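Colleague: What follows is data.cif, mmCIF, C-alpha atoms.
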```cif
data_final
#
loop_
_atom_site.label_atom_id
_atom_site.label_comp_id
_atom_site.auth_asym_id
_atom_site.auth_seq_id
_atom_site.Cartn_x
_atom_site.Cartn_y
_atom_site.Cartn_z
CA MET A 262 75.42 -151.45 71.82
CA LYS A 263 72.30 -153.55 72.50
CA ILE A 264 72.01 -156.22 75.20
CA PHE A 265 68.70 -158.06 75.63
CA GLY A 266 66.96 -155.39 73.57
CA ILE A 267 68.29 -152.47 75.66
CA GLU A 268 70.44 -149.93 73.84
CA TYR A 269 73.33 -148.83 76.05
CA ALA A 270 75.44 -145.70 75.77
CA PRO A 271 79.03 -146.15 74.60
CA LEU A 272 81.59 -146.65 77.34
CA LEU A 273 83.85 -143.89 76.06
CA VAL A 274 81.57 -140.84 76.21
CA PRO A 275 83.21 -137.38 76.48
CA LEU A 276 83.14 -135.96 80.00
CA GLU A 277 81.27 -132.92 78.71
CA ARG A 278 78.34 -135.09 77.63
CA ARG A 279 78.36 -136.89 80.97
CA ARG A 280 78.11 -133.52 82.71
CA GLN A 281 75.19 -132.55 80.51
CA THR A 282 73.34 -135.77 81.28
CA TRP A 283 74.03 -135.31 84.99
CA ALA A 284 72.67 -131.73 84.88
CA VAL A 285 69.41 -132.90 83.33
CA PHE A 286 69.15 -135.77 85.83
CA VAL A 287 69.62 -133.34 88.75
CA TRP A 288 66.66 -131.27 87.60
CA ILE A 289 64.41 -134.17 86.62
CA GLY A 290 65.40 -136.08 89.76
CA SER A 291 64.60 -133.10 91.98
CA PHE A 292 61.19 -132.74 90.29
CA PHE A 293 60.25 -136.37 90.88
CA PHE A 294 62.12 -137.33 94.04
CA MET A 295 63.28 -134.37 96.15
CA GLY A 296 59.90 -133.66 97.74
CA PRO A 297 58.96 -137.27 98.60
CA ALA A 298 62.50 -137.98 99.87
CA ALA A 299 62.41 -134.89 102.10
CA LEU A 300 58.99 -135.83 103.44
CA LEU A 301 60.13 -139.35 104.29
CA GLY A 302 63.32 -137.97 105.83
CA PHE A 303 61.41 -135.59 108.08
CA LEU A 304 59.06 -138.38 109.16
CA TYR A 305 62.03 -140.59 110.04
CA LEU A 306 63.69 -137.81 112.05
CA PHE A 307 60.46 -137.12 113.92
CA LEU A 308 59.51 -140.72 114.69
CA PHE A 309 62.80 -142.57 115.13
CA THR A 310 65.54 -140.15 116.21
CA ARG A 311 66.29 -137.59 118.89
CA PHE A 312 66.29 -134.89 116.20
CA TYR A 313 62.50 -134.71 116.17
CA PHE A 314 62.75 -130.95 116.60
CA VAL A 315 64.21 -130.50 113.08
CA PRO A 316 60.97 -131.34 111.23
CA LEU A 317 59.04 -129.31 113.82
CA PHE A 318 61.19 -126.25 113.11
CA TYR A 319 60.74 -126.80 109.37
CA LEU A 320 56.98 -127.16 109.81
CA ALA A 321 56.86 -123.83 111.64
CA TRP A 322 58.89 -122.26 108.83
CA TYR A 323 56.65 -123.88 106.20
CA VAL A 324 53.48 -122.46 107.78
CA ALA A 325 55.00 -118.99 108.14
CA ASP A 326 56.27 -119.09 104.54
CA ILE A 327 53.20 -120.65 102.90
CA LYS A 328 52.17 -117.51 101.00
CA THR A 329 55.59 -116.67 99.56
CA PRO A 330 54.91 -118.30 96.14
CA GLU A 331 52.01 -115.86 95.73
CA CYS A 332 53.97 -112.85 96.95
CA GLY A 333 56.87 -112.68 94.52
CA GLY A 334 58.63 -115.89 95.49
CA ARG A 335 62.23 -116.03 96.68
CA ARG A 336 64.63 -115.61 93.76
CA TRP A 337 68.31 -116.39 94.28
CA ASN A 338 70.23 -115.16 91.25
CA TRP A 339 73.35 -117.10 92.19
CA VAL A 340 71.34 -120.33 91.81
CA ARG A 341 69.97 -119.17 88.46
CA LYS A 342 73.58 -118.65 87.33
CA TRP A 343 74.86 -122.11 88.30
CA SER A 344 77.05 -123.65 85.60
CA LEU A 345 74.80 -126.69 85.97
CA TRP A 346 72.17 -124.88 83.90
CA LYS A 347 74.67 -124.24 81.09
CA ASP A 348 75.21 -127.99 80.92
CA TYR A 349 71.44 -128.48 81.05
CA ALA A 350 70.98 -126.15 78.07
CA SER A 351 73.81 -127.83 76.14
CA TYR A 352 72.28 -131.29 76.62
CA PHE A 353 69.37 -130.85 74.19
CA PRO A 354 70.58 -128.15 73.25
CA VAL A 355 68.16 -125.36 74.25
CA SER A 356 68.43 -122.07 72.35
CA LEU A 357 66.76 -118.69 72.82
CA VAL A 358 65.89 -116.51 69.82
CA LYS A 359 64.24 -113.09 69.92
CA GLU A 360 62.35 -111.36 67.15
CA ALA A 361 62.42 -107.99 68.89
CA ASP A 362 63.85 -106.27 71.95
CA LEU A 363 61.72 -105.76 75.05
CA ASP A 364 61.77 -102.19 76.34
CA PRO A 365 62.35 -102.17 80.13
CA LYS A 366 59.92 -99.24 80.39
CA PHE A 367 57.04 -101.70 80.09
CA ASN A 368 55.86 -104.86 81.78
CA TYR A 369 55.19 -107.98 79.71
CA PHE A 370 53.03 -111.08 79.78
CA ILE A 371 54.78 -113.85 77.84
CA GLY A 372 52.71 -116.80 76.68
CA SER A 373 54.84 -119.95 76.43
CA HIS A 374 53.77 -122.71 74.03
CA PRO A 375 53.57 -125.69 73.93
CA HIS A 376 53.61 -127.18 77.41
CA GLY A 377 55.34 -130.40 76.39
CA ILE A 378 55.86 -132.93 79.18
CA LEU A 379 57.96 -130.90 81.63
CA CYS A 380 58.33 -127.43 80.01
CA SER A 381 62.04 -128.05 79.40
CA GLY A 382 62.46 -124.99 77.17
CA ALA A 383 60.51 -122.56 79.35
CA PHE A 384 62.33 -123.68 82.48
CA CYS A 385 65.80 -123.42 80.96
CA ASN A 386 65.22 -120.09 79.24
CA PHE A 387 63.20 -118.19 81.84
CA ALA A 388 63.94 -119.83 85.22
CA THR A 389 67.73 -120.11 84.79
CA GLU A 390 70.57 -118.34 83.02
CA GLY A 391 71.30 -121.43 80.95
CA THR A 392 70.78 -119.45 77.74
CA ASN A 393 71.78 -116.04 79.18
CA VAL A 394 68.27 -114.62 79.08
CA SER A 395 69.32 -111.53 81.07
CA LYS A 396 71.82 -110.67 78.31
CA VAL A 397 69.43 -111.46 75.47
CA PHE A 398 66.82 -109.18 77.08
CA PRO A 399 68.76 -106.69 79.24
CA GLY A 400 66.77 -104.93 81.92
CA ILE A 401 63.98 -107.51 81.97
CA ARG A 402 63.28 -109.66 85.04
CA PHE A 403 61.62 -112.91 83.98
CA THR A 404 59.29 -114.75 86.35
CA LEU A 405 58.09 -118.23 85.42
CA THR A 406 54.66 -119.14 86.78
CA THR A 407 53.48 -122.65 87.52
CA LEU A 408 50.86 -124.66 89.39
CA ASN A 409 50.60 -123.95 93.09
CA CYS A 410 51.03 -127.69 93.80
CA GLN A 411 54.68 -127.26 92.78
CA PHE A 412 55.15 -125.39 96.06
CA VAL A 413 53.71 -128.03 98.36
CA MET A 414 56.43 -130.67 98.83
CA PRO A 415 59.05 -129.86 101.51
CA LEU A 416 62.51 -128.62 100.45
CA TYR A 417 61.62 -128.97 96.77
CA ARG A 418 59.47 -125.85 97.08
CA GLU A 419 62.47 -123.92 98.45
CA PHE A 420 64.75 -125.22 95.70
CA PHE A 421 62.26 -124.41 92.95
CA MET A 422 61.58 -120.91 94.29
CA THR A 423 65.27 -120.01 93.97
CA SER A 424 64.68 -119.98 90.20
CA GLY A 425 62.30 -117.05 90.67
CA ALA A 426 59.25 -119.20 89.89
CA VAL A 427 55.94 -118.26 91.50
CA SER A 428 52.40 -119.57 91.57
CA ALA A 429 50.30 -119.06 88.42
CA SER A 430 47.36 -117.73 90.46
CA ARG A 431 45.71 -114.40 89.75
CA LYS A 432 46.92 -113.04 93.10
CA SER A 433 50.51 -114.01 92.35
CA ILE A 434 50.52 -112.45 88.87
CA ASP A 435 48.86 -109.29 90.22
CA TYR A 436 51.69 -109.06 92.76
CA VAL A 437 54.46 -109.34 90.15
CA LEU A 438 52.95 -107.04 87.53
CA GLY A 439 51.76 -104.54 90.12
CA SER A 440 55.12 -104.26 91.90
CA SER A 441 56.75 -101.97 89.31
CA CYS A 442 55.96 -99.84 86.28
CA GLY A 443 58.33 -101.70 83.99
CA GLY A 444 60.99 -104.36 83.50
CA ASN A 445 58.95 -107.34 84.67
CA ALA A 446 58.01 -110.22 82.39
CA VAL A 447 55.60 -112.88 83.65
CA VAL A 448 55.92 -116.17 81.76
CA LEU A 449 52.82 -118.37 81.67
CA VAL A 450 52.68 -121.80 80.04
CA VAL A 451 49.20 -121.15 78.74
CA GLY A 452 48.11 -124.69 77.86
CA GLY A 453 48.84 -125.93 81.36
CA ALA A 454 49.03 -129.52 82.53
CA PRO A 455 46.11 -130.79 80.36
CA GLU A 456 48.10 -129.92 77.24
CA SER A 457 50.90 -132.29 78.25
CA LEU A 458 48.56 -135.23 77.73
CA ASP A 459 48.54 -134.41 73.99
CA THR A 460 52.32 -134.37 73.79
CA HIS A 461 53.78 -136.91 71.37
CA PRO A 462 56.80 -136.57 69.06
CA ASN A 463 56.75 -136.62 65.26
CA LEU A 464 53.15 -135.50 64.82
CA ASP A 465 51.94 -133.28 62.00
CA ASP A 466 49.59 -131.47 64.39
CA ILE A 467 50.81 -129.73 67.56
CA THR A 468 47.86 -129.42 69.93
CA LEU A 469 47.57 -126.19 71.92
CA ILE A 470 44.82 -125.63 74.49
CA LEU A 471 44.25 -121.93 73.97
CA LYS A 472 40.63 -121.10 73.05
CA PRO A 473 39.29 -121.24 76.64
CA ARG A 474 42.42 -119.63 78.12
CA LYS A 475 41.47 -115.96 78.46
CA GLY A 476 42.35 -115.18 82.06
CA PHE A 477 45.89 -114.12 81.12
CA ILE A 478 44.44 -111.74 78.52
CA ARG A 479 42.26 -110.10 81.16
CA LEU A 480 45.25 -109.73 83.50
CA ALA A 481 47.36 -108.22 80.71
CA LEU A 482 44.65 -105.62 80.08
CA LYS A 483 44.25 -104.92 83.80
CA HIS A 484 47.95 -104.15 84.21
CA GLY A 485 48.71 -102.78 80.75
CA ALA A 486 51.31 -105.53 80.28
CA HIS A 487 52.29 -106.02 76.65
CA LEU A 488 51.53 -109.53 75.38
CA VAL A 489 54.38 -111.54 73.88
CA PRO A 490 53.82 -114.92 72.18
CA SER A 491 56.64 -117.45 72.37
CA PHE A 492 57.00 -120.93 70.94
CA SER A 493 59.49 -123.65 71.88
CA PHE A 494 60.14 -125.59 68.70
CA GLY A 495 61.07 -129.16 69.57
CA GLU A 496 59.50 -129.13 73.05
CA ASN A 497 57.15 -131.97 72.14
CA GLU A 498 59.98 -134.07 70.70
CA VAL A 499 62.11 -134.69 73.80
CA TYR A 500 59.72 -137.19 75.43
CA ASP A 501 57.23 -139.73 74.23
CA GLN A 502 54.42 -141.18 76.33
CA VAL A 503 52.18 -144.20 76.30
CA ASP A 504 49.60 -143.89 73.52
CA ASN A 505 46.54 -142.14 75.01
CA PRO A 506 44.13 -140.92 72.32
CA ARG A 507 41.28 -138.70 73.48
CA GLY A 508 38.29 -140.83 74.49
CA SER A 509 40.36 -143.89 75.43
CA ARG A 510 40.03 -145.41 78.90
CA LEU A 511 43.57 -144.39 79.78
CA ARG A 512 43.01 -140.82 78.65
CA ASN A 513 39.72 -140.53 80.54
CA PHE A 514 41.47 -141.77 83.69
CA GLN A 515 44.36 -139.35 83.16
CA ASP A 516 41.95 -136.44 82.64
CA TYR A 517 40.15 -137.38 85.86
CA LEU A 518 43.39 -137.53 87.85
CA GLN A 519 44.63 -134.27 86.34
CA LYS A 520 41.51 -132.45 87.48
CA LEU A 521 41.83 -134.06 90.91
CA ILE A 522 45.51 -133.39 91.67
CA GLY A 523 46.43 -130.60 89.24
CA LEU A 524 49.43 -132.37 87.71
CA ALA A 525 48.98 -134.45 84.57
CA PRO A 526 49.79 -138.16 85.20
CA VAL A 527 51.69 -138.73 81.96
CA LEU A 528 53.29 -142.13 81.44
CA ILE A 529 56.54 -140.86 79.96
CA LYS A 530 58.96 -142.72 77.77
CA GLY A 531 62.43 -141.21 77.99
CA ARG A 532 65.92 -142.62 78.47
CA GLY A 533 68.23 -143.45 81.34
CA ILE A 534 71.69 -142.24 82.35
CA PHE A 535 73.58 -145.11 80.74
CA GLN A 536 71.01 -146.47 78.27
CA TYR A 537 68.64 -145.05 75.67
CA SER A 538 65.67 -147.46 75.83
CA PHE A 539 63.66 -146.27 78.87
CA GLY A 540 63.77 -143.88 81.80
CA ILE A 541 62.72 -140.41 82.97
CA ILE A 542 65.49 -138.39 81.32
CA PRO A 543 64.44 -136.55 78.15
CA ASN A 544 66.04 -137.40 74.82
CA ARG A 545 68.74 -135.23 73.26
CA ARG A 546 66.69 -133.27 70.75
CA PRO A 547 67.05 -129.54 70.11
CA ILE A 548 64.61 -127.03 71.58
CA THR A 549 64.56 -123.51 70.16
CA THR A 550 62.40 -120.97 71.98
CA VAL A 551 61.45 -118.06 69.74
CA VAL A 552 60.14 -114.99 71.59
CA GLY A 553 57.93 -112.97 69.29
CA LYS A 554 57.24 -109.28 68.94
CA PRO A 555 55.28 -107.63 71.76
CA ILE A 556 51.63 -106.77 71.23
CA PRO A 557 50.99 -103.32 72.78
CA VAL A 558 48.30 -103.39 75.49
CA GLU A 559 46.71 -100.34 77.08
CA ARG A 560 45.86 -100.51 80.77
CA THR A 561 42.14 -101.19 81.23
CA GLY A 562 41.05 -101.40 84.84
CA ASN A 563 37.92 -103.46 84.23
CA PRO A 564 38.10 -104.92 80.70
CA SER A 565 34.89 -106.03 79.02
CA ASP A 566 34.41 -109.48 77.51
CA GLU A 567 34.49 -107.86 74.08
CA GLN A 568 37.92 -106.32 74.76
CA VAL A 569 39.22 -109.62 76.12
CA ASN A 570 37.96 -111.58 73.12
CA GLU A 571 39.41 -109.07 70.66
CA LEU A 572 42.87 -109.13 72.25
CA HIS A 573 42.72 -112.92 72.60
CA SER A 574 42.03 -113.27 68.86
CA LYS A 575 44.92 -110.95 68.08
CA TYR A 576 47.23 -112.95 70.33
CA VAL A 577 46.24 -116.26 68.72
CA ASN A 578 46.84 -114.82 65.24
CA GLU A 579 50.27 -113.49 66.24
CA LEU A 580 51.21 -116.86 67.75
CA VAL A 581 50.16 -118.74 64.61
CA ASP A 582 52.09 -116.26 62.43
CA LEU A 583 55.19 -116.74 64.60
CA PHE A 584 54.91 -120.51 64.23
CA GLU A 585 54.46 -120.30 60.46
CA ARG A 586 57.46 -117.97 60.08
CA HIS A 587 59.84 -120.39 61.80
CA LYS A 588 58.46 -123.91 61.38
CA ASN A 589 60.39 -124.72 58.19
CA LYS A 590 63.64 -123.79 59.91
CA TYR A 591 63.13 -125.76 63.11
CA TYR A 592 60.97 -128.61 61.72
CA PRO A 593 62.67 -129.03 58.31
CA PRO A 594 61.56 -132.64 57.62
CA ARG A 595 57.88 -131.83 58.33
CA GLU A 596 56.79 -129.07 55.98
CA HIS A 597 53.07 -129.70 56.58
CA ILE A 598 53.22 -129.45 60.36
CA LYS A 599 50.60 -127.10 61.78
CA LEU A 600 49.04 -125.92 65.02
CA LYS A 601 45.80 -127.47 66.23
CA ILE A 602 44.26 -124.94 68.60
CA LEU A 603 41.57 -126.23 70.94
#
```
Here is a file; write its structure as structure tokens.

Modeller:
Amino acid sequence: MKIFGIEYAPLLVPLERRRQTWAVFVWIGSFFFMGPAALLGFLYLFLFTRFYFVPLFYLAWYVADIKTPECGGRRWNWVRKWSLWKDYASYFPVSLVKEADLDPKFNYFIGSHPHGILCSGAFCNFATEGTNVSKVFPGIRFTLTTLNCQFVMPLYREFFMTSGAVSASRKSIDYVLGSSCGGNAVVLVVGGAPESLDTHPNLDDITLILKPRKGFIRLALKHGAHLVPSFSFGENEVYDQVDNPRGSRLRNFQDYLQKLIGLAPVLIKGRGIFQYSFGIIPNRRPITTVVGKPIPVERTGNPSDEQVNELHSKYVNELVDLFERHKNKYYPPREHIKLKIL
């Protein structure tokens, strides 16, 4: 039903679909609004009420807890198992497919591609039990890594850490992979925030920023963590954004802001809760995350550039092969779709 050019959702929508939309809104809303709302709330309590001591107590806690995202985080499995995440997974839907088992005797470094706008597939599969990742890979503890700026805003940082997410810094990854001899899997969205600026649906080329990304290879060698490529088919389809070709004024401004603040200032085009024409909620399009076969890595305390480059080339080849094996199944209308690796 369209009114004044806006396409509205039908009035009689099954309750199950309403729950799914609500679950996605809770996560997207927390990402955009929880931190700023908490900050404003604490300022109000401090300046205009007799409960000024509440933000002071939180500030003391914040300072004492500032290093937690680099020291293993604070995982709450009961939050990861909320039924909310099942509804979140069913919304798109998000699916998890494995090409091989992961032996709990080893540690793993999983490269997640592509970044998309908000890493919907990586978050659902590895930071929640929305797709039952602990049953798909029994004995493996998955840890999603992300920008340290995700752990700055008050209350949101606590909520996000319950998923098991930690900072993507070298120190943080060293902590996770060095804490046990096996059963840990660090998940890194390799392309990072800059890659999100190349995210547009229905393209024949999927851009991955991978050639300069070699730090994760060096860390895998340092810890002897087996490398595992993964690809979320459909990740780039759930959002669109304002047209921003490389070299345009908008893109140059976005690149400048991204380098300044860490996060990519994408101008997203999604949908709303009750209409499909605009908003911050992603569109209902399937995402299938395929986790590839592990690439064995021997522990090398101080890897040389030659060793890093060799393993990086092998990883890129395995990732491309994984994409080629599955693209016709998950992108059936676009047989000529390919990866564009920068």

Colleague: Env of segment 555-561 of chain A: 10 Å cut, atoms = only C-alpha atoms, seq-sep filter 6 positions within chain, self excluded. Answer as an MDAnalysis selection string.

Modeller: chainID A and resid 360:364 367:371 478:491 568 572 575:576 579

Colleague: What is the atom CA of Ser344 of chain A to atom CA of Ile434 of chain A distance in Å?

Modeller: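 Pair atom CA of Ser344 of chain A / atom CA of Ile434 of chain A returns 29.0 Å.
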
Colleague: Using the chain letters and numbering of this document, enumerate as a VMD selection string the residues selected by the PyMOL selection byres ((chain A and resi 348) around 10).

Modeller: chain A and resid 277 to 285 343 to 347 349 to 354 391

Colleague: Please dump the current selection as a PDB file, keeping the file's coordinate frame; keep C-alpha atoms.

Modeller:
```
ATOM      1  CA  GLU A 277      81.270-132.920  78.710  1.00  0.00           C
ATOM      2  CA  ARG A 278      78.340-135.090  77.630  1.00  0.00           C
ATOM      3  CA  ARG A 279      78.360-136.890  80.970  1.00  0.00           C
ATOM      4  CA  ARG A 280      78.110-133.520  82.710  1.00  0.00           C
ATOM      5  CA  GLN A 281      75.190-132.550  80.510  1.00  0.00           C
ATOM      6  CA  THR A 282      73.340-135.770  81.280  1.00  0.00           C
ATOM      7  CA  TRP A 283      74.030-135.310  84.990  1.00  0.00           C
ATOM      8  CA  ALA A 284      72.670-131.730  84.880  1.00  0.00           C
ATOM      9  CA  VAL A 285      69.410-132.900  83.330  1.00  0.00           C
ATOM     10  CA  TRP A 343      74.860-122.110  88.300  1.00  0.00           C
ATOM     11  CA  SER A 344      77.050-123.650  85.600  1.00  0.00           C
ATOM     12  CA  LEU A 345      74.800-126.690  85.970  1.00  0.00           C
ATOM     13  CA  TRP A 346      72.170-124.880  83.900  1.00  0.00           C
ATOM     14  CA  LYS A 347      74.670-124.240  81.090  1.00  0.00           C
ATOM     15  CA  TYR A 349      71.440-128.480  81.050  1.00  0.00           C
ATOM     16  CA  ALA A 350      70.980-126.150  78.070  1.00  0.00           C
ATOM     17  CA  SER A 351      73.810-127.830  76.140  1.00  0.00           C
ATOM     18  CA  TYR A 352      72.280-131.290  76.620  1.00  0.00           C
ATOM     19  CA  PHE A 353      69.370-130.850  74.190  1.00  0.00           C
ATOM     20  CA  PRO A 354      70.580-128.150  73.250  1.00  0.00           C
ATOM     21  CA  GLY A 391      71.300-121.430  80.950  1.00  0.00           C
TER      22      GLY A 391
END
```

Colleague: As number ranges by chain, please: the residues near segment 539-545 of chain A (cut-off 7 Å, all atoms listed in the file, same-chain neighbours under 5 positions excluded).

Modeller: A: 286, 289, 352-353, 499-500, 529-533

Colleague: Can you pull out the residues contacting Leu583 of chain A? Cut-off 9 Å, using only C-alpha atoms, and skip same-chain residues under 3 positions away; I want them as number ranges by chain.

Modeller: A: 490-492, 551-554, 578-580, 586-588

Colleague: Would you compute the distance between atom CA of Ser428 of chain A and atom CA of Thr407 of chain A? Give it in Å to one decimal.

Modeller: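 For atom CA of Ser428 of chain A relative to atom CA of Thr407 of chain A, the distance reads 5.2 Å.
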
Colleague: Calculate how many Å separate atom CA of Leu464 of chain A from atom CA of Glu496 of chain A, rounding to one decimal.

Modeller: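 Computing the Euclidean distance for atom CA of Leu464 of chain A and atom CA of Glu496 of chain A yields 12.2 Å.
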
Colleague: Have a look at A:Pro506, A:Pro564, A:Pro399, A:Gly382 and name the one nearest to Lys366 of chain A; count all atoms listed in the file.

Modeller: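 For Lys366 of chain A, the nearest of the given residues is A:Pro399.
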
Colleague: Pick from A:Asn505, A:Lys475, A:Trp322, A:Pro547: nearest to Asp566 of chain A, with only C-alpha atoms counted?

Modeller: A:Lys475

Colleague: As a check of understanding, name the residues that the PyMOL selection byres ((chain A and resi 383) around 12) selects in the supplied structure, as an NGL selection string.

Modeller: :A and (350 or 355-357 or 371-382 or 384-392 or 394 or 403-407 or 424 or 426 or 447-451 or 491-496 or 548-552)

Colleague: Decode the PyMOL selection byres ((chain A and resi 334) around 10) for the given file into explicit residues and return them as a list in words.

Modeller: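 For this structure, the PyMOL selection byres ((chain A and resi 334) around 10) captures Asp326, Lys328, Thr329, Pro330, Glu331, Cys332, Gly333, Arg335, Arg336, Trp337, Thr404, Glu419, Phe421, Met422, Thr423, Ser424, Gly425, Ala426, Val427, Ser428, Ser433 and Val437 of chain A.
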
Colleague: Just C-alpha atoms for this one: save the residues we selected as a short mmCIF file (atom, residue, chain, number, x, y, z; two decimals), in the coordinates of the input.

Modeller:
```cif
data_model
loop_
_atom_site.label_atom_id
_atom_site.label_comp_id
_atom_site.auth_asym_id
_atom_site.auth_seq_id
_atom_site.Cartn_x
_atom_site.Cartn_y
_atom_site.Cartn_z
CA ASP A 326 56.27 -119.09 104.54
CA LYS A 328 52.17 -117.51 101.00
CA THR A 329 55.59 -116.67 99.56
CA PRO A 330 54.91 -118.30 96.14
CA GLU A 331 52.01 -115.86 95.73
CA CYS A 332 53.97 -112.85 96.95
CA GLY A 333 56.87 -112.68 94.52
CA ARG A 335 62.23 -116.03 96.68
CA ARG A 336 64.63 -115.61 93.76
CA TRP A 337 68.31 -116.39 94.28
CA THR A 404 59.29 -114.75 86.35
CA GLU A 419 62.47 -123.92 98.45
CA PHE A 421 62.26 -124.41 92.95
CA MET A 422 61.58 -120.91 94.29
CA THR A 423 65.27 -120.01 93.97
CA SER A 424 64.68 -119.98 90.20
CA GLY A 425 62.30 -117.05 90.67
CA ALA A 426 59.25 -119.20 89.89
CA VAL A 427 55.94 -118.26 91.50
CA SER A 428 52.40 -119.57 91.57
CA SER A 433 50.51 -114.01 92.35
CA VAL A 437 54.46 -109.34 90.15
#
```

Colleague: Residues at most 8 Å from Val315 of chain A, counting all atoms listed in the file, excluding those fewer than 3 positions away in the same chain, as a PDB file with C-alpha atoms, keeping the file's coordinate frame?

Modeller:
```pdb
ATOM      1  CA  PHE A 303      61.410-135.590 108.080  1.00  0.00           C
ATOM      2  CA  LEU A 306      63.690-137.810 112.050  1.00  0.00           C
ATOM      3  CA  PHE A 307      60.460-137.120 113.920  1.00  0.00           C
ATOM      4  CA  PHE A 312      66.290-134.890 116.200  1.00  0.00           C
ATOM      5  CA  PHE A 318      61.190-126.250 113.110  1.00  0.00           C
ATOM      6  CA  TYR A 319      60.740-126.800 109.370  1.00  0.00           C
TER       7      TYR A 319
END
```

Colleague: Need the shell around Lys472 of chain A: protein/DNA/RNA residues with any atom at most 10 Å away, counting all atoms listed in the file. Skip same-chain ones fewer than 4 positions apart. Format as a PDB file with C-alpha atoms, keeping the file's coordinate frame?

Modeller:
```pdb
ATOM      1  CA  GLY A 452      48.110-124.690  77.860  1.00  0.00           C
ATOM      2  CA  ASN A 570      37.960-111.580  73.120  1.00  0.00           C
ATOM      3  CA  HIS A 573      42.720-112.920  72.600  1.00  0.00           C
ATOM      4  CA  SER A 574      42.030-113.270  68.860  1.00  0.00           C
ATOM      5  CA  VAL A 577      46.240-116.260  68.720  1.00  0.00           C
ATOM      6  CA  ILE A 602      44.260-124.940  68.600  1.00  0.00           C
ATOM      7  CA  LEU A 603      41.570-126.230  70.940  1.00  0.00           C
TER       8      LEU A 603
END
```

Colleague: Between A:Glu585, A:Leu416, A:Pro365, A:Glu498, which is the closest to Pro462 of chain A once you count only C-alpha atoms?

Modeller: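 Closest to Pro462 of chain A, using only C-alpha atoms: A:Glu498.
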
Colleague: Smallest atom-to-atom distance to Asp466 of chain A: which of A:Glu596, A:Met414, A:Asn409, A:Trp339, using only C-alpha atoms?

Modeller: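 Nearest to Asp466 of chain A: A:Glu596.
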
Colleague: Restricting the calculation to all atoms listed in the file: of A:Ile401, A:Val581, A:Ala429, A:Ala454, which residue gets closest to Leu521 of chain A?

Modeller: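 Of A:Ile401, A:Val581, A:Ala429, A:Ala454, the one nearest Leu521 of chain A is A:Ala454, counting all atoms listed in the file.
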
Colleague: My list of candidates is A:Val324, A:Leu276, A:Leu304, A:Cys410. Which is closest to Leu524 of chain A when distances are computed with all atoms listed in the file?

Modeller: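 Going through A:Val324, A:Leu276, A:Leu304, A:Cys410 one by one, the smallest distance to Leu524 of chain A is for A:Cys410.
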